[in-house]
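Reading through the structure tokens given below for one structure.
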There are 2 protein chains.
Amino acid sequence: MDLHNFFSAKNIAIIGVSRESKKVGHVILRNFVDSNYEGNIFIINPNAEEILGRKSYKSILEIKDRIDLAVISVPAAFVLKTVEECGKKKIKSIIIVTSGFSEVGNSSLEGKLAKLLKKYKIRCIGPNCLGVFDGHTRLDTLFLPRYRLTRPKQGGISFIVQSGAVGSTILDVSTQQGYGCSKFISYGNALNTDESDLLEYLGQDENTKVICMYIEGIKDGKKFLRIAKAVTRKKPVIVIKGGLTEKGGKATMSHTGSLAGKAEIYLGAFKQSNIIHVNSLEEMFEAAKILEKSLRPKGNKVQIITNGGGYGILASDALVNNNLEFAELSNKIKKELKKILPPLAIVDNPMDLIGDATAERYKIAIDACLQDDDVDILLVIALYQTPLLSTDIVDIITEANDFHKKPIVVVSAGAEFTEVLSKSLEENSIPTFMFPENAVRAVKHLVEYYKRR
Amino acid sequence: MDLHNFFSAKNIAIIGVSRESKKVGHVILRNFVDSNYEGNIFIINPNAEEILGRKSYKSILEIKDRIDLAVISVPAAFVLKTVEECGKKKIKSIIIVTSGFSEVGNSSLEGKLAKLLKKYKIRCIGPNCLGVFDGHTRLDTLFLPRYRLTRPKQGGISFIVQSGAVGSTILDVSTQQGYGCSKFISYGNALNTDESDLLEYLGQDENTKVICMYIEGIKDGKKFLRIAKAVTRKKPVIVIKGGLTEKGGKATMSHTGSLAGKAEIYLGAFKQSNIIHVNSLEEMFEAAKILEKSLRPKGNKVQIITNGGGYGILASDALVNNNLEFAELSNKIKKELKKILPPLAIVDNPMDLIGDATAERYKIAIDACLQDDDVDILLVIALYQTPLLSTDIVDIITEANDFHKKPIVVVSAGAEFTEVLSKSLEENSIPTFMFPENAVRAVKHLVEYYKRR
């Protein structure tokens with residue numbers, strides 16, 4: 001079934017919009033108003049004439065226009081009645097943010113809801129979820145205020161999350177770190193749309209370059225495996241699994257009611273389907289960044305260029321620890337570089353351009369290395385604390401990236417000055433990292449994903 | 001030998017101050033001027049009358065006042081003559097930032113310099129180094145401009161670094177992350193002051209709560225072991241060792257000429273002397289933060305409190321993976337909490353206060369957990385994306401921290417709103433982390449250090 005509607009519906013009804021500004025339905029409406037979403041919003045509250053200057057309808061059945069998507073935030077006790085009306089109104093897509101179903105032991109209510117959805121052939125996200133956010137269309141059903149949960153800019157990373165709290169922090173952190181978002185879905189109890197359906201849909205979504213998932217359990221293992229195998233042939237899927245340990249698994253039972261299952265089974269399934277499994281949220285973001293921005297590397301041979309010897313050494317240690325190989329420049333290129341670079345520079349791997357390196361010296365080294373057939377990936381360490389390194393370095397790295405079609409990853413550690421340059425590079429599709437160990441761990445994921453694909 | 005002078009000298013001579021604003025000696029002078037260091041600065045340039053409005057002397061011997069510290073940035077060829085004059089002037093402490101000695105193969109020049117220092121009984125930091133920075137006195141010999149390399153605020157973390165580039169990024173990142181610095185030393189070729197001397201000195205320094213070291217090699221293993229054992233009895237020492245792998249070790253030879261040595265020998269020595277060994281710069285900063293701010297924990301039992309189930313699960317997995325134990329609340333406390341907290345809250349470990357948790361609900365949970373004898377450390381996950389959690393949470397956590405005398409660590413992931421609250425907590429001595437995995441890794445270092453001590 002196509003889920004496109006959930007992200008670009010033309011006529012949207014929000015059912016259960018309170019006049020009180022802190023209530024869920026009100027916040028959802030407020031966010032639609034603030035986001036200038038290109039679509040028509042209809043609001044339903046039987047006890048109001050108008051809210052935020054918009055006409056309020058008594059019931060969905062009162063609306064004459066076709067409704068493409070309903071967002072339901074009425075109390076749990078009114079959900080069945082509301083869905084029944086949606087069915088009669090021939091709405092085919094609904095998001096139920098309301099909680100109070102199986103996650104609190106009310107399986108009977110959830111069962112009745114499932115039957116009703118089946119009867120009217122309604123595709124539903126939720127209940128007990130945040131719903132969706134689209135970085136491109138800006139459709140946004142998240143009932144959290146924007147001063148608390150900032151919304152990221154548009155981009156290529158999509159998220160599927162089983163936990164609302166993990167989801168909301170993921171979006172907020174994305175803004176903070178400058179990551180671009182395609183689609184975000186918090187799917188809650190997954191009544192008739194589960195993680196596999198969403199994965200399949202995002203696999204076909206053109207705006208989505210990389211898919212990140214936070215899951216505690218998988219509804220249907222075989223289905224997931226089949227879909228994951230197909231999707232990872234097209235684009236990378238990164239998964240963080242909550243509850244891999246016994247203690248953590250116990251907690252997933254009380255949280256989403258998920259049977260966490262044995263760690264080995266999950267890890268085996270991830271490996272089989274070329275899913276990138278990560279152990280932390282930080283690692284997830286770093287992998288997503290490199291996989292969104294970088295081209296496919298030919299192999300796993302990395303050349304390091306640095307203007308700080310210590311950073312070259314730490315990066316070398318990290319390469320070894322992550323099973324990556326060192327590129328070996330041809331003697332011809334080494335000879336040429338030795339002629340041009342200052343005598344104290346070290347033409348090797350790591351290549352140390354030393355502390356007085358200028359942007360021009362970087363240009364010479366970067367171009368030479370990228371021309372060398374043995375170099376699959378270039379790790380450029382550019383420490384901006386030295387005054388001789390001008391900001392031209394941004395253009396130099398960007399041009400090399402556009403021209404040579406090999407992945408370039410940049411490491412720069414520092415405060416404001418560094419942050420400005422790193423941000424510029426990221427806007428030009430170069431993944432940047434603060435520390436060499438994090439950069440190399442991300443490179444490992446890039447290499448392994450394409451090697452297995 | 002006391003190194004106090006290097007951080008609080010009254011009369012300081014900068015020898016080799018160019019009139020050109022980009023030259024090393026000029027930048028050093030400029031930084032002394034900008035920092036308003038409380039001391040008298042004398043500058044020496046035989047070819048100038050005055051620089052930056054200050055009288056320039058032809059030679060150190062022309063100065064009538066006593067000189068406590070000389071900072072030498074003349075070219076390598078003039079260093080011996082300059083040091084000879086310093087000797088005659090009875091200066092006992094000098095920093096030689098000039099490079100061009102053993103690190104570029106000029107061991108003969110370095111040998112002559114060593115003899116001269118011995119002859120005049122001069123204590124020397126360098127050559128080939130950045131020198132020192134004191135976060136409290138603001139004495140600052142770093143020849144890097146402040147718009148590129150920001151200087152951190154005063155605090156309790158000290159750094160000993162063998163690599164200038166690693167050192168300069170460490171300071172710059174410290175500012176960016178809000179870490180407070182006590183003393184920083186880039187010691188270069190360690191001619192007569194090596195990493196062990198500096199470690200011993202910082203062990204006695206009252207402002208220093210935690211010592212971080214970046215080393216590529218150790219000059220004298222036995223001396224280091226003896227001193228490290230003594231210092232770690234008083235305060236934590238965190239070490240990142242460059243060149244632990246064979247490839248990385250090869251690179252240390254070209255960089256600082258250090259014989260990297262076998263990894264097992266280093267790791268064994270670190271363990272023997274209760275040094276906290278870390279594998280990345282990020283891990284170093286995180287360990288430094290928790291060890292600077294947190295009290296000694298009684299044991300390794302952690303209680304997790306969260307308002308987001310998924311974060312509680314990820315933190316649980318991290319506890320298991322880092323060999324930490326779960327605290328088990330007494331039945332009495334559990335019973336009381338169940339009475340007060342809403343029915344959907346989960347009174348367990350992790351304790352889930354659920355999405356609508358208020359600051360008041362946190363207060364009840366935090367106080368109850370800290371009262372429980374089985375809780376050694378409290379991990380508070382506070383996700384600020386939900387509007388009901390007011391900013392009172394900062395005061396509540398701070399007061400609990402002051403009252404209960406048990407380590408509290410806070411996890412909050414997000415953008416500006418989160419950053420403001422995290423910063424407030426850190427200013428009140430509560431270590432905060434973006435992601436649970438990083439927080440728990442830091443807690444592990446806290447526990448292990450005190451357990452072994």
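Naming works like this for the structure tokens: A, B, ... for the chains as they're shown, residue 1 at the start of each chain, ligands 1 onward in shown order.
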Selection near A:Ala251, 9 Å with only C-alpha atoms, sequence-local residues under 3 positions removed, as a ChimeraX atom specification | /A:243,246-248,254-257,260 /B:309-310,312-313,316,349-350
Can you pull out every residue from stretch 140-238 of chain B that DSSP, working from the backbone, puts in alpha helix (DSSP H), and format the result as a PDB file with C-alpha atoms, in the first residue's frame?
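Here's the written file result-v7.pdb:
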```pdb
ATOM      1  CA  GLY B 164      51.313  20.839  19.590  1.00  0.00           C
ATOM      2  CA  ALA B 165      48.452  20.199  17.172  1.00  0.00           C
ATOM      3  CA  VAL B 166      46.643  17.875  19.553  1.00  0.00           C
ATOM      4  CA  GLY B 167      47.259  20.437  22.285  1.00  0.00           C
ATOM      5  CA  SER B 168      45.887  23.380  20.392  1.00  0.00           C
ATOM      6  CA  THR B 169      42.716  21.549  19.403  1.00  0.00           C
ATOM      7  CA  ILE B 170      42.284  20.324  22.975  1.00  0.00           C
ATOM      8  CA  LEU B 171      42.196  23.892  24.265  1.00  0.00           C
ATOM      9  CA  ASP B 172      39.935  25.081  21.477  1.00  0.00           C
ATOM     10  CA  VAL B 173      37.505  22.176  21.990  1.00  0.00           C
ATOM     11  CA  SER B 174      37.586  22.841  25.752  1.00  0.00           C
ATOM     12  CA  THR B 175      36.235  26.317  25.118  1.00  0.00           C
ATOM     13  CA  GLN B 176      33.606  25.040  22.712  1.00  0.00           C
ATOM     14  CA  GLN B 177      32.376  22.424  25.186  1.00  0.00           C
ATOM     15  CA  GLU B 195      55.987  14.208  30.849  1.00  0.00           C
ATOM     16  CA  SER B 196      56.759  12.632  34.224  1.00  0.00           C
ATOM     17  CA  ASP B 197      58.088  15.870  35.737  1.00  0.00           C
ATOM     18  CA  LEU B 198      54.979  17.658  34.572  1.00  0.00           C
ATOM     19  CA  LEU B 199      52.729  14.914  35.895  1.00  0.00           C
ATOM     20  CA  GLU B 200      54.428  15.088  39.280  1.00  0.00           C
ATOM     21  CA  TYR B 201      54.018  18.850  39.380  1.00  0.00           C
ATOM     22  CA  LEU B 202      50.326  18.760  38.441  1.00  0.00           C
ATOM     23  CA  GLY B 203      49.817  16.072  41.068  1.00  0.00           C
ATOM     24  CA  GLN B 204      50.646  18.737  43.646  1.00  0.00           C
ATOM     25  CA  GLY B 221      59.412   4.235  31.937  1.00  0.00           C
ATOM     26  CA  LYS B 222      60.408   3.546  35.546  1.00  0.00           C
ATOM     27  CA  LYS B 223      60.211   7.196  36.504  1.00  0.00           C
ATOM     28  CA  PHE B 224      56.822   7.521  34.856  1.00  0.00           C
ATOM     29  CA  LEU B 225      55.467   4.462  36.640  1.00  0.00           C
ATOM     30  CA  ARG B 226      56.706   5.652  40.023  1.00  0.00           C
ATOM     31  CA  ILE B 227      55.260   9.125  39.618  1.00  0.00           C
ATOM     32  CA  ALA B 228      51.998   7.970  38.034  1.00  0.00           C
ATOM     33  CA  LYS B 229      51.359   5.577  40.921  1.00  0.00           C
ATOM     34  CA  ALA B 230      51.813   8.402  43.411  1.00  0.00           C
ATOM     35  CA  VAL B 231      49.733  10.944  41.510  1.00  0.00           C
ATOM     36  CA  THR B 232      46.768   8.647  40.830  1.00  0.00           C
ATOM     37  CA  ARG B 233      46.455   8.105  44.558  1.00  0.00           C
ATOM     38  CA  LYS B 234      45.569  11.783  44.773  1.00  0.00           C
TER      39      LYS B 234
END
```
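Secondary structure of stretch 282-434 of chain B, strand (DSSP E or B) only (DSSP, backbone atoms): Lys301, Val302, Gln303, Ile304, Ile305, Thr306, Glu325, Phe326, Ile346, Met351, Asp352, Ile377, Leu378, Leu379, Val380, Ile381, Ile408, Val409, Val410, Val411, Thr432 and Phe433 of chain B.
Interatomic distance, atom CA of B:Tyr311 against atom CA of B:Val411: 9.1 Å.
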For chain A, which of B:Ile218, B:Leu329, B:Met253, B:Ile122 is the closest residue, counting only C-alpha atoms?
-> B:Met253
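Around B:Asn106, within 12 Å and counting only C-alpha atoms, the residues found are Ala76, Ala77, Ser99, Gly100, Phe101, Ser102, Glu110, Gly111, Lys112, Leu113, Pro127, Asn128, Asn189 and Gly257 of chain B, once anything fewer than 4 positions away on its own chain is removed.
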Residue neighbourhood B:Ile91, 12 Å, only C-alpha atoms, exclusion window fewer than 5 positions, as a ChimeraX atom specification = /B:5-6,9,11-13,60-61,63,65-71,82-86,117,120-124
Could you pull the residues within 6 Å of stretch 214-216 of chain A, counting only C-alpha atoms, minus those fewer than 2 positions along the same chain, as a PyMOL selection string?
-> chain A and resi 161-162+240-242
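Considering only C-alpha atoms, the residue among B:Pro407, B:Gly178, B:Gly87, B:Gly261 positioned nearest to chain A is B:Gly178.
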Give me the residues within 9 Å of A:Gln154 as a PDB file with N, CA and C atoms, in the first residue's frame, counting only C-alpha atoms and dropping any in the same chain fewer than 4 places off.
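Just written: around-v5.pdb:
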```pdb
ATOM      1  N   ASP A 134       7.707  15.606   7.530  1.00  0.00           N
ATOM      2  CA  ASP A 134       8.373  15.555   6.232  1.00  0.00           C
ATOM      3  C   ASP A 134       9.230  16.808   6.079  1.00  0.00           C
ATOM      4  N   GLY A 135      10.542  16.610   5.944  1.00  0.00           N
ATOM      5  CA  GLY A 135      11.473  17.737   5.835  1.00  0.00           C
ATOM      6  C   GLY A 135      11.286  18.537   4.559  1.00  0.00           C
ATOM      7  N   HIS A 136      10.693  17.911   3.539  1.00  0.00           N
ATOM      8  CA  HIS A 136      10.516  18.598   2.256  1.00  0.00           C
ATOM      9  C   HIS A 136       9.157  19.289   2.179  1.00  0.00           C
ATOM     10  N   THR A 137       8.059  18.527   2.353  1.00  0.00           N
ATOM     11  CA  THR A 137       6.721  19.148   2.280  1.00  0.00           C
ATOM     12  C   THR A 137       6.408  19.935   3.555  1.00  0.00           C
ATOM     13  N   ARG A 138       7.127  19.642   4.648  1.00  0.00           N
ATOM     14  CA  ARG A 138       6.934  20.240   5.982  1.00  0.00           C
ATOM     15  C   ARG A 138       5.645  19.783   6.661  1.00  0.00           C
ATOM     16  N   TYR A 179      21.842  18.215  10.248  1.00  0.00           N
ATOM     17  CA  TYR A 179      21.500  17.124   9.336  1.00  0.00           C
ATOM     18  C   TYR A 179      20.187  17.436   8.617  1.00  0.00           C
ATOM     19  N   GLY A 180      20.110  17.068   7.361  1.00  0.00           N
ATOM     20  CA  GLY A 180      18.887  17.285   6.593  1.00  0.00           C
ATOM     21  C   GLY A 180      17.991  16.062   6.649  1.00  0.00           C
ATOM     22  N   CYS A 181      16.686  16.301   6.828  1.00  0.00           N
ATOM     23  CA  CYS A 181      15.740  15.204   7.032  1.00  0.00           C
ATOM     24  C   CYS A 181      14.828  15.055   5.817  1.00  0.00           C
ATOM     25  N   SER A 182      14.598  13.824   5.405  1.00  0.00           N
ATOM     26  CA  SER A 182      13.581  13.574   4.386  1.00  0.00           C
ATOM     27  C   SER A 182      12.257  13.278   5.093  1.00  0.00           C
ATOM     28  N   LYS A 183      12.102  12.075   5.627  1.00  0.00           N
ATOM     29  CA  LYS A 183      10.856  11.727   6.310  1.00  0.00           C
ATOM     30  C   LYS A 183      11.136  11.130   7.676  1.00  0.00           C
TER      31      LYS A 183
END
```
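One distance worth recording is that between atom CA of A:Ala287 and atom CA of A:Ala442, which is 5.0 Å.
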Shortest interatomic distance to chain B - which of A:Val79, A:Ile14, A:Ile275, A:Ala413, counting only C-alpha atoms | A:Ala413
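Neighbours of A:Ser59 closer than or equal to 7 Å, with only C-alpha atoms counted and sequence neighbours fewer than 3 positions away skipped, come out as Ile44, Pro46 and Glu62 of chain A.
Distance annotation: of A:Leu116, A:Leu421, A:Leu383, A:Leu139, the residue with the minimal separation from chain B is A:Leu383; atom set is only C-alpha atoms.
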